[in-house]
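Here is the structure we will look at, set down as structure tokens.
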Amino acid sequence: MLSLTLGGIGVVLPLLPTTPFVLVAAIAFANSSERLHNWLLEHRIFGPLIADWRRYGAISRRTKTVSLLSMVALVLISLLLSVPTHVIVIQALFLTASAAFIITRPDSPDS
């Protein structure tokens with residue numbers, strides 16, 4: 001449930017990635033609760049993420065775009081708020097690594 005909660009928060013908070021947390025939740029539910037696992041697979045937001053990853057190891061083009069734009073927005077907001085330089089550097093490192101992972105995943109066929 002913690003992983004799913006973090007994934008849900010990641011939908012609106014750019015620093016938290018949604019897909020990895022949802023995938024961890026799917027694995028955990030598959031091993032612990034058939035009811036929750038089925039609910040997650042049929043969920044209108046999370047279900048397609050899981051299905052694309054399972055079938056193709058892919059992330060939809062829309063999800064990639066939203067993720068990358070959120071990352072850019074986070075850095076811009078940090079700059080506008082005059083966040084300390086070391087925090088921006090840390091953000092940039094983590095977000096660059098996350099962006100590289102997202103960009104290198106194939107697009108889902110449905111994108």
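Following the order of the structure tokens, chains are lettered A, B, ..., residues in each are numbered from 1, and ligands are numbered from 1.
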
Checklist entry - Tell me, which residues of region 11-80 of chain A carry DSSP helix (DSSP H, G or I), written as number ranges by chain? => result A: 11-12, 18-32, 34-42, 46-56, 61-80

Give me the region 27-82 of chain A side of the contact with region 4-15 of chain A, cut-off 7 Å, one line per residue showing its nearest atom pair and distance in Å at one decimal, counting only C-alpha atoms, sorted by chain and residue number, as a Markdown table.
```
| residue | atom | partner | partner_atom | distance |
| --- | --- | --- | --- | --- |
| A:Ser70 | CA | A:Pro14 | CA | 5.0 |
| A:Met71 | CA | A:Pro14 | CA | 5.7 |
| A:Leu74 | CA | A:Pro14 | CA | 6.3 |
```

Next on the checklist: I'd like the contact shell of Val72 (chain A) - 9 Å cut-off, only C-alpha atoms, skipping same-chain residues fewer than 4 positions apart - returned as a PyMOL selection string.
Outcome noted: chain A and resi 14+67-68+76-77+95

Residue subset to file, keeping C-alpha atoms, as a PDB file, in the first residue's frame:
```pdb
ATOM      1  CA  PRO A  14       7.182  15.706 -10.142  1.00  0.00           C
ATOM      2  CA  SER A  67       6.996  12.995 -16.747  1.00  0.00           C
ATOM      3  CA  LEU A  68       9.617  15.028 -18.574  1.00  0.00           C
ATOM      4  CA  LEU A  76      12.216  25.859 -12.939  1.00  0.00           C
ATOM      5  CA  ILE A  77      10.157  26.224  -9.755  1.00  0.00           C
ATOM      6  CA  LEU A  95      16.024  13.957 -12.644  1.00  0.00           C
TER       7      LEU A  95
END
```

Next on the checklist: Which residues are close to region 58-62 of chain A, i.e. within 6 Å by only C-alpha atoms, leaving aside same-chain residues fewer than 4 positions away? Reply as a PyMOL selection string.
Outcome noted: chain A and resi 52-53+105-108+111

Checklist outcome for this item: CA of Ser78 (chain A) sits from CA of Gln91 (chain A) at a separation of 9.2 Å

Next on the checklist: Using only C-alpha atoms, can you tell me which of A:Ser82, A:Arg55, A:Ser98, A:Ser32 comes closest to Leu16 (chain A)?
Outcome noted: A:Ser98

Item to check | Shell of 12 Å around Gly47 (chain A), only C-alpha atoms, local chain residues under 5 positions omitted, as a list of chain:residue names | outcome: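 So the residues in contact are A:Thr19, A:Val22, A:Leu23, A:Ala25, A:Ala26, A:Leu36, A:His37, A:Asn38, A:Trp39, A:Leu40, A:Leu41, A:Glu42, A:Asp52, A:Trp53, A:Arg54.
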
Checklist entry - By how many Å are CA of Asp110 (chain A) and CA of Pro20 (chain A) apart? => result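 CA of Asp110 (chain A) sits 19.8 Å away from CA of Pro20 (chain A).
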
Checklist entry - Which of these residues is nearest to Ile50 (chain A), using only C-alpha atoms: A:Asn31, A:Leu69, A:Leu80, A:Thr18? => result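 Comparing A:Asn31, A:Leu69, A:Leu80, A:Thr18 against Ile50 (chain A), the winner is A:Thr18.
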